[in-house]
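Single-structure report; data block below.
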Amino acid sequence: MDTAQGNGGPLAGLKVLELGQLIAGPFAAKTLADFGADVVKVEPPPDPERPRTSGGDPLRNWRLLKNGTSVWWQVQSRNKRSLALDLREPEAQDIVCRLAQDADVLVENFRPGTLEGWGLAPEALLQLNPRLVVLRISGYGQTGPYRDRPGFGVVAEAMGGLRHLTAEPGRVPVRVGVSIGDTLAALHGVIGILMALQHRHRSGRGQVIDVALYEAVFNCMESLLPEYSAFGAVRGPAGSALPGIAPSNAYCCADGGYALIAGNGDSIFKRLMSVVGRADLAEDPALADNAGRVARVAEIDDAIGRWAVQLPVEAVLAQLEAASVPAGRIYTVADIAADPHYRARGMLGEIRMDDGDGLLVPGIVPKLSVTPGGHRRNAPRLGQDTDDVLRELGLTPEQIEGLKQRGIVGRTVS
């Protein structure tokens, strides 16, 4: 897989301390690491009193494992360094304070109050390093009546309004098949970090960024709230259709596949109707704009559906592409892995794992023309970089070994 070019990415030299685990905080830090930031990820070492637990970020053991470690880990923690540190111990908390003094960014996604309980409140860290930018991601935010509730992405997706819309009418709402609430929060967090760094460039001062999972979801809900405010409209689930915009739906084809067709532009609609053999609808003045089409969406969907069901999905898509009508089919991951456009765009990166096997991982997004991101190193083993990070703080080998013997820092886990 290509590595970052030139100076290692636009964020080369940026020092990031990651205290989070699982998805939202680590995804934000991963995005920074992809573009050159030096991310030190703090993870709990194995607990000798709980021999069945392996320590580290729980994501290491989620979903499908290869050689005992999740392959997801190779995506979420690429380009990071791992410091095994028991944050419950005062000496470990002191190490974090020393790291924060030299860091540009600290990322955490624990429940509100956790950092404070460890003596690592952002206010205290900003006293040590006024230039520090602190990203805090939590379910409900750092304030408000729900702040102390445990909050996972799935709950945030529901509270943010997304889950109510993801269903067929009259059927139980379903979840998006990935942790979209966590990822949206992470991306909002990255945006906040970059804005805070820009402010620091002008003022010399850092700040705290408060991202709530449910707010990140709610921020993507488009016209949901103003429609309710102005008209009392409560948008409901609409299956594969896009309410208020027509035609835009999934249509079953002769081979059982589905074509996703977005013919909702005025000129696009005319071309689409010509392809499906309904020139009468193409020239109907009542359907010349979106409002007219929405009023007769069932009739339009029926016309498209009757045409699509006579042809296999690839034939449907070929005819629509020839007519410049936006359309596509539903991809499985097998389709993605075989797709030439994904490969041409560098979105199918291949890394070499410790056992020598290759592994496909998603490429870097977004694509920068001068300072692109890249894959500089594989995800670390637990505690792989503990000695290096502590030496950079000025600790001697004897001091590091003493911390290991007392269980404050962990040894590298193979």
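Chain labels run A, B, ... following the order of the structure tokens; each chain numbers its residues from 1, and ligands are numbered from 1 in the order shown.
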If you run DSSP on the backbone, which residues of segment 151-351 of chain A are helix (DSSP H, G or I), as a VMD selection string?
-> chain A and resid 153 to 159 163 to 165 180 to 203 213 to 218 224 to 231 266 to 275 279 to 282 285 to 287 290 to 295 297 to 308 313 to 322 333 to 338 340 to 344
So which residues touch Arg235 of chain A within 12 Å, counting only C-alpha atoms, skipping near sequence neighbours fewer than 3 positions away, as a PyMOL selection string?
-> chain A and resi 161-166+169+221-229+231-232+238+242-244
Between atom CA of Ala28 of chain A and atom CA of Gly117 of chain A, what is the spacing in Å?
-> 23.4 Å
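If you measure from each of A:Gly25, A:Gly407, A:Gly277, A:Gly13 to Gln76 of chain A using only C-alpha atoms, the closest one turns out to be A:Gly25.
Minimum distance to Gly374 of chain A across A:Met347, A:Val16, A:Leu390, A:Ile23 (counting only C-alpha atoms) occurs at A:Met347.
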Could you list, with a cut-off of 9 Å and counting only C-alpha atoms, the residues of segment 71-94 of chain A near segment 350-365 of chain A, each shown with its nearest atom pair and the distance in Å rounded to one decimal, rows sorted by chain and ascending number, as CSV?
residue,atom,partner,partner_atom,distance
A:Val71,CA,A:Leu359,CA,8.4
A:Trp72,CA,A:Val361,CA,8.8
A:Gln74,CA,A:Val361,CA,7.8
A:Val75,CA,A:Val361,CA,6.4
May I have the residues from that selection written out with all heavy atoms, as an mmCIF file, in the first residue's frame?
data_model
loop_
_atom_site.group_PDB
_atom_site.id
_atom_site.type_symbol
_atom_site.label_atom_id
_atom_site.label_comp_id
_atom_site.auth_asym_id
_atom_site.auth_seq_id
_atom_site.Cartn_x
_atom_site.Cartn_y
_atom_site.Cartn_z
ATOM 1 N N VAL A 71 -9.188 -8.268 12.609
ATOM 2 C CA VAL A 71 -8.673 -7.609 11.407
ATOM 3 C C VAL A 71 -9.178 -6.162 11.334
ATOM 4 O O VAL A 71 -8.572 -5.315 10.664
ATOM 5 C CB VAL A 71 -9.060 -8.381 10.126
ATOM 6 C CG1 VAL A 71 -8.313 -9.708 10.066
ATOM 7 C CG2 VAL A 71 -10.563 -8.619 10.030
ATOM 8 N N TRP A 72 -10.281 -5.873 12.019
ATOM 9 C CA TRP A 72 -10.754 -4.490 12.130
ATOM 10 C C TRP A 72 -9.677 -3.629 12.786
ATOM 11 O O TRP A 72 -9.510 -2.450 12.452
ATOM 12 C CB TRP A 72 -12.041 -4.488 12.943
ATOM 13 C CG TRP A 72 -12.782 -3.198 13.057
ATOM 14 C CD1 TRP A 72 -12.410 -1.972 12.559
ATOM 15 C CD2 TRP A 72 -14.035 -2.991 13.718
ATOM 16 N NE1 TRP A 72 -13.355 -1.012 12.881
ATOM 17 C CE2 TRP A 72 -14.359 -1.616 13.592
ATOM 18 C CE3 TRP A 72 -14.907 -3.822 14.407
ATOM 19 C CZ2 TRP A 72 -15.531 -1.076 14.130
ATOM 20 C CZ3 TRP A 72 -16.068 -3.286 14.944
ATOM 21 C CH2 TRP A 72 -16.381 -1.919 14.795
ATOM 22 N N GLN A 74 -6.616 -3.656 12.374
ATOM 23 C CA GLN A 74 -5.628 -3.210 11.402
ATOM 24 C C GLN A 74 -6.064 -1.937 10.683
ATOM 25 O O GLN A 74 -5.225 -1.208 10.144
ATOM 26 C CB GLN A 74 -5.346 -4.322 10.386
ATOM 27 C CG GLN A 74 -4.627 -5.521 10.951
ATOM 28 C CD GLN A 74 -3.243 -5.175 11.475
ATOM 29 O OE1 GLN A 74 -2.597 -4.229 11.006
ATOM 30 N NE2 GLN A 74 -2.763 -5.940 12.448
ATOM 31 N N VAL A 75 -7.363 -1.675 10.652
ATOM 32 C CA VAL A 75 -7.864 -0.445 10.049
ATOM 33 C C VAL A 75 -7.911 0.672 11.088
ATOM 34 O O VAL A 75 -7.413 1.777 10.866
ATOM 35 C CB VAL A 75 -9.270 -0.669 9.450
ATOM 36 C CG1 VAL A 75 -9.806 0.619 8.839
ATOM 37 C CG2 VAL A 75 -9.237 -1.775 8.410
#
What's the 12 Å shell around Ser203 of chain A, counting only C-alpha atoms, without same-chain residues fewer than 6 positions away, as a compact mmCIF listing (two decimals) with N, CA, C and O atoms, in the first residue's frame?
# COMPACT_ATOMS: atom_id res chain seq x y z
N PRO A 130 -1.29 25.19 27.83
CA PRO A 130 -2.38 26.04 27.34
C PRO A 130 -2.64 25.90 25.84
O PRO A 130 -3.69 26.35 25.37
N ARG A 131 -1.74 25.28 25.10
CA ARG A 131 -1.91 25.11 23.65
C ARG A 131 -2.63 23.80 23.30
O ARG A 131 -2.90 23.53 22.13
N ALA A 196 -9.99 24.07 15.81
CA ALA A 196 -9.32 24.53 17.02
C ALA A 196 -7.84 24.78 16.78
O ALA A 196 -7.25 25.71 17.35
N LEU A 197 -7.21 23.94 15.95
CA LEU A 197 -5.80 24.17 15.62
C LEU A 197 -5.62 25.46 14.83
O LEU A 197 -4.62 26.17 15.01
Which of these residues is nearest to Asp302 of chain A, using only C-alpha atoms: A:Val325, A:Cys252, A:Leu317, A:Val107?
->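 Among the listed residues, the smallest separation from Asp302 of chain A belongs to A:Cys252.
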With only C-alpha atoms as the atoms that count, which of A:Ala259, A:Gln384, A:Leu17, A:His188 lies nearest to Ala318 of chain A?
->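 Residue with the minimum atom-to-atom distance to Ala318 of chain A: A:Ala259.
Considering the residues A:Gly236, A:Gly9, A:Pro285, A:Pro340 and counting only C-alpha atoms, Asp34 of chain A has its shortest atom-to-atom contact with A:Gly9.
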Once DSSP has gone over the backbone, tell me which residues of segment 283-395 of chain A are in strand (DSSP E or B), as a list in words.
->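 Matching residues, listed in order: Ala327, Gly328, Arg329, Leu348, Gly349, Glu350, Ile351, Arg352, Gly358, Leu359, Leu360, Val361 and Pro362 of chain A.
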Could you write out the selected residues, including N, CA, C and O atoms, as a tab-separated table (two decimals), in the first residue's frame?
chain	number	residue	atom	x	y	z
A	327	ALA	N	-27.68	6.01	-11.68
A	327	ALA	CA	-28.21	4.71	-11.25
A	327	ALA	C	-27.05	3.83	-10.81
A	327	ALA	O	-25.89	4.05	-11.19
A	328	GLY	N	-27.37	2.83	-10.02
A	328	GLY	CA	-26.35	1.89	-9.57
A	328	GLY	C	-27.00	0.67	-8.97
A	328	GLY	O	-28.22	0.62	-8.79
A	329	ARG	N	-26.17	-0.32	-8.67
A	329	ARG	CA	-26.68	-1.51	-8.01
A	329	ARG	C	-26.16	-1.56	-6.59
A	329	ARG	O	-25.28	-0.80	-6.20
A	348	LEU	N	-8.56	0.16	-2.34
A	348	LEU	CA	-8.34	-1.21	-1.93
A	348	LEU	C	-6.85	-1.36	-1.60
A	348	LEU	O	-6.06	-1.82	-2.42
A	349	GLY	N	-6.47	-0.90	-0.41
A	349	GLY	CA	-5.07	-1.00	-0.03
A	349	GLY	C	-4.74	-2.39	0.47
A	349	GLY	O	-5.59	-3.06	1.08
A	350	GLU	N	-3.54	-2.84	0.23
A	350	GLU	CA	-3.11	-4.15	0.73
A	350	GLU	C	-1.90	-3.97	1.62
A	350	GLU	O	-0.92	-3.32	1.25
A	351	ILE	N	-1.99	-4.52	2.83
A	351	ILE	CA	-0.88	-4.46	3.76
A	351	ILE	C	-0.34	-5.87	3.98
A	351	ILE	O	-1.01	-6.87	3.68
A	352	ARG	N	0.87	-5.95	4.49
A	352	ARG	CA	1.48	-7.24	4.81
A	352	ARG	C	1.47	-7.38	6.33
A	352	ARG	O	2.02	-6.56	7.04
A	358	GLY	N	-1.17	-11.20	3.18
A	358	GLY	CA	-1.68	-9.91	2.76
A	358	GLY	C	-3.10	-9.70	3.29
A	358	GLY	O	-3.83	-10.66	3.55
A	359	LEU	N	-3.48	-8.44	3.45
A	359	LEU	CA	-4.81	-8.10	3.94
A	359	LEU	C	-5.27	-6.84	3.24
A	359	LEU	O	-4.57	-5.83	3.23
A	360	LEU	N	-6.47	-6.90	2.64
A	360	LEU	CA	-7.05	-5.71	2.04
A	360	LEU	C	-7.65	-4.83	3.13
A	360	LEU	O	-8.39	-5.30	4.00
A	361	VAL	N	-7.35	-3.54	3.06
A	361	VAL	CA	-7.90	-2.56	4.00
A	361	VAL	C	-8.35	-1.34	3.21
A	361	VAL	O	-7.85	-1.08	2.11
A	362	PRO	N	-9.31	-0.56	3.75
A	362	PRO	CA	-9.75	0.62	3.03
A	362	PRO	C	-8.62	1.62	2.83
A	362	PRO	O	-7.75	1.79	3.69
Which residues, written as a compact mmCIF listing (two decimals) with N, CA, C and O atoms, in the first residue's frame, have at least one atom at most 8 Å from Pro372 of chain A, with only C-alpha atoms counted and residues fewer than 2 positions away on the same chain left out?
# COMPACT_ATOMS: atom_id res chain seq x y z
N ALA A 4 2.52 7.69 2.78
CA ALA A 4 2.40 9.13 2.61
C ALA A 4 3.67 9.68 1.98
O ALA A 4 4.77 9.24 2.24
N GLN A 5 3.49 10.67 1.12
CA GLN A 5 4.60 11.21 0.37
C GLN A 5 5.17 12.44 1.08
O GLN A 5 4.61 13.00 2.01
N GLY A 9 2.72 13.67 5.22
CA GLY A 9 1.33 14.07 5.33
C GLY A 9 1.20 15.47 5.88
O GLY A 9 2.13 16.02 6.49
N PRO A 10 0.03 16.09 5.70
CA PRO A 10 -0.15 17.48 6.13
C PRO A 10 -0.11 17.67 7.63
O PRO A 10 0.07 18.80 8.10
N PHE A 35 -2.99 11.01 8.14
CA PHE A 35 -2.43 12.18 7.47
C PHE A 35 -1.18 12.71 8.17
O PHE A 35 -0.84 13.89 8.05
N LYS A 367 -8.63 12.60 -0.42
CA LYS A 367 -7.42 12.56 -1.23
C LYS A 367 -6.90 13.99 -1.43
O LYS A 367 -7.60 14.82 -2.00
N LEU A 368 -5.71 14.25 -0.95
CA LEU A 368 -5.08 15.55 -1.10
C LEU A 368 -4.04 15.48 -2.20
O LEU A 368 -3.26 14.52 -2.26
N SER A 369 -3.98 16.48 -3.05
CA SER A 369 -3.12 16.41 -4.23
C SER A 369 -1.64 16.60 -3.90
O SER A 369 -0.78 16.01 -4.56
N VAL A 370 -1.32 17.41 -2.90
CA VAL A 370 0.07 17.72 -2.60
C VAL A 370 0.57 16.96 -1.38
O VAL A 370 1.70 16.47 -1.36
N GLY A 374 -1.41 8.40 4.10
CA GLY A 374 -0.85 7.12 3.70
C GLY A 374 -0.75 6.14 4.85
O GLY A 374 -1.01 6.48 6.01
If you count only C-alpha atoms, which residues fall within 8 Å of Arg78 of chain A, apart from same-chain ones fewer than 5 positions away, as a list in words?
->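 Contacts, in chain order: Lys30, Ala33, Asp34, Trp73, His375, Arg376, Arg377, Asn378, Ala379 and Pro380 of chain A.
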Can you write out the residues you just picked, keeping all heavy atoms, as an mmCIF file, in the first residue's frame?
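See part_0.cif below for the written result:
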data_model
loop_
_atom_site.group_PDB
_atom_site.id
_atom_site.type_symbol
_atom_site.label_atom_id
_atom_site.label_comp_id
_atom_site.auth_asym_id
_atom_site.auth_seq_id
_atom_site.Cartn_x
_atom_site.Cartn_y
_atom_site.Cartn_z
ATOM 1 N N LYS A 30 -7.443 7.908 14.328
ATOM 2 C CA LYS A 30 -6.975 7.203 13.130
ATOM 3 C C LYS A 30 -6.941 8.130 11.930
ATOM 4 O O LYS A 30 -6.007 8.102 11.106
ATOM 5 C CB LYS A 30 -7.892 6.012 12.857
ATOM 6 C CG LYS A 30 -7.456 5.121 11.688
ATOM 7 C CD LYS A 30 -8.053 5.496 10.359
ATOM 8 C CE LYS A 30 -9.544 5.209 10.319
ATOM 9 N NZ LYS A 30 -10.046 5.374 8.914
ATOM 10 N N ALA A 33 -3.966 10.219 12.211
ATOM 11 C CA ALA A 33 -2.768 9.418 11.963
ATOM 12 C C ALA A 33 -2.581 9.139 10.475
ATOM 13 O O ALA A 33 -1.449 9.123 9.975
ATOM 14 C CB ALA A 33 -2.849 8.107 12.741
ATOM 15 N N ASP A 34 -3.674 8.917 9.754
ATOM 16 C CA ASP A 34 -3.584 8.660 8.324
ATOM 17 C C ASP A 34 -2.906 9.805 7.585
ATOM 18 O O ASP A 34 -2.316 9.606 6.512
ATOM 19 C CB ASP A 34 -4.981 8.444 7.727
ATOM 20 C CG ASP A 34 -5.530 7.054 7.981
ATOM 21 O OD1 ASP A 34 -4.763 6.181 8.435
ATOM 22 O OD2 ASP A 34 -6.727 6.832 7.711
ATOM 23 N N TRP A 73 -8.962 -4.202 13.734
ATOM 24 C CA TRP A 73 -7.903 -3.483 14.438
ATOM 25 C C TRP A 73 -6.879 -2.914 13.456
ATOM 26 O O TRP A 73 -6.331 -1.830 13.670
ATOM 27 C CB TRP A 73 -7.231 -4.429 15.428
ATOM 28 C CG TRP A 73 -6.108 -3.825 16.197
ATOM 29 C CD1 TRP A 73 -4.774 -4.076 16.038
ATOM 30 C CD2 TRP A 73 -6.207 -2.873 17.258
ATOM 31 N NE1 TRP A 73 -4.039 -3.336 16.926
ATOM 32 C CE2 TRP A 73 -4.901 -2.586 17.687
ATOM 33 C CE3 TRP A 73 -7.273 -2.243 17.885
ATOM 34 C CZ2 TRP A 73 -4.628 -1.690 18.718
ATOM 35 C CZ3 TRP A 73 -7.017 -1.345 18.906
ATOM 36 C CH2 TRP A 73 -5.708 -1.074 19.314
ATOM 37 N N HIS A 375 -0.351 4.938 4.514
ATOM 38 C CA HIS A 375 -0.182 3.853 5.491
ATOM 39 C C HIS A 375 1.309 3.735 5.774
ATOM 40 O O HIS A 375 2.074 3.234 4.955
ATOM 41 C CB HIS A 375 -0.726 2.552 4.896
ATOM 42 C CG HIS A 375 -0.704 1.399 5.860
ATOM 43 N ND1 HIS A 375 -1.846 0.918 6.467
ATOM 44 C CD2 HIS A 375 0.314 0.635 6.329
ATOM 45 C CE1 HIS A 375 -1.529 -0.093 7.253
ATOM 46 N NE2 HIS A 375 -0.228 -0.281 7.188
ATOM 47 N N ARG A 376 1.725 4.209 6.940
ATOM 48 C CA ARG A 376 3.147 4.206 7.287
ATOM 49 C C ARG A 376 3.541 2.990 8.122
ATOM 50 O O ARG A 376 4.682 2.547 8.067
ATOM 51 C CB ARG A 376 3.497 5.489 8.047
ATOM 52 C CG ARG A 376 3.254 6.756 7.251
ATOM 53 C CD ARG A 376 3.633 8.008 8.028
ATOM 54 N NE ARG A 376 2.963 8.084 9.328
ATOM 55 C CZ ARG A 376 1.695 8.452 9.491
ATOM 56 N NH1 ARG A 376 0.963 8.768 8.437
ATOM 57 N NH2 ARG A 376 1.145 8.493 10.697
ATOM 58 N N ARG A 377 2.608 2.482 8.921
ATOM 59 C CA ARG A 377 2.926 1.322 9.756
ATOM 60 C C ARG A 377 1.635 0.606 10.103
ATOM 61 O O ARG A 377 0.562 1.213 10.168
ATOM 62 C CB ARG A 377 3.686 1.717 11.021
ATOM 63 C CG ARG A 377 2.979 2.732 11.892
ATOM 64 C CD ARG A 377 3.776 3.038 13.158
ATOM 65 N NE ARG A 377 3.641 1.974 14.156
ATOM 66 C CZ ARG A 377 4.341 1.906 15.270
ATOM 67 N NH1 ARG A 377 5.268 2.805 15.526
ATOM 68 N NH2 ARG A 377 4.144 0.939 16.149
ATOM 69 N N ASN A 378 1.744 -0.690 10.323
ATOM 70 C CA ASN A 378 0.583 -1.480 10.708
ATOM 71 C C ASN A 378 0.144 -1.135 12.131
ATOM 72 O O ASN A 378 0.878 -0.530 12.904
ATOM 73 C CB ASN A 378 0.910 -2.970 10.633
ATOM 74 C CG ASN A 378 1.002 -3.473 9.208
ATOM 75 O OD1 ASN A 378 0.764 -2.732 8.259
ATOM 76 N ND2 ASN A 378 1.355 -4.736 9.050
ATOM 77 N N ALA A 379 -1.079 -1.553 12.455
ATOM 78 C CA ALA A 379 -1.575 -1.369 13.811
ATOM 79 C C ALA A 379 -0.636 -2.065 14.796
ATOM 80 O O ALA A 379 -0.142 -3.164 14.533
ATOM 81 C CB ALA A 379 -2.992 -1.930 13.937
ATOM 82 N N PRO A 380 -0.394 -1.459 15.950
ATOM 83 C CA PRO A 380 0.613 -1.992 16.871
ATOM 84 C C PRO A 380 0.101 -3.145 17.708
ATOM 85 O O PRO A 380 -1.091 -3.286 17.969
ATOM 86 C CB PRO A 380 0.928 -0.788 17.761
ATOM 87 C CG PRO A 380 -0.371 -0.027 17.803
ATOM 88 C CD PRO A 380 -0.976 -0.186 16.426
#
May I have the residues within 12 Å of Ala286 of chain A as a count of residues only, using only C-alpha atoms and disregarding those fewer than 5 positions away in the same chain?
-> 10
Using atom CA of Ala262 of chain A and atom CA of Ile330 of chain A as the two end points, give the distance in Å to one decimal.
-> 13.6 Å
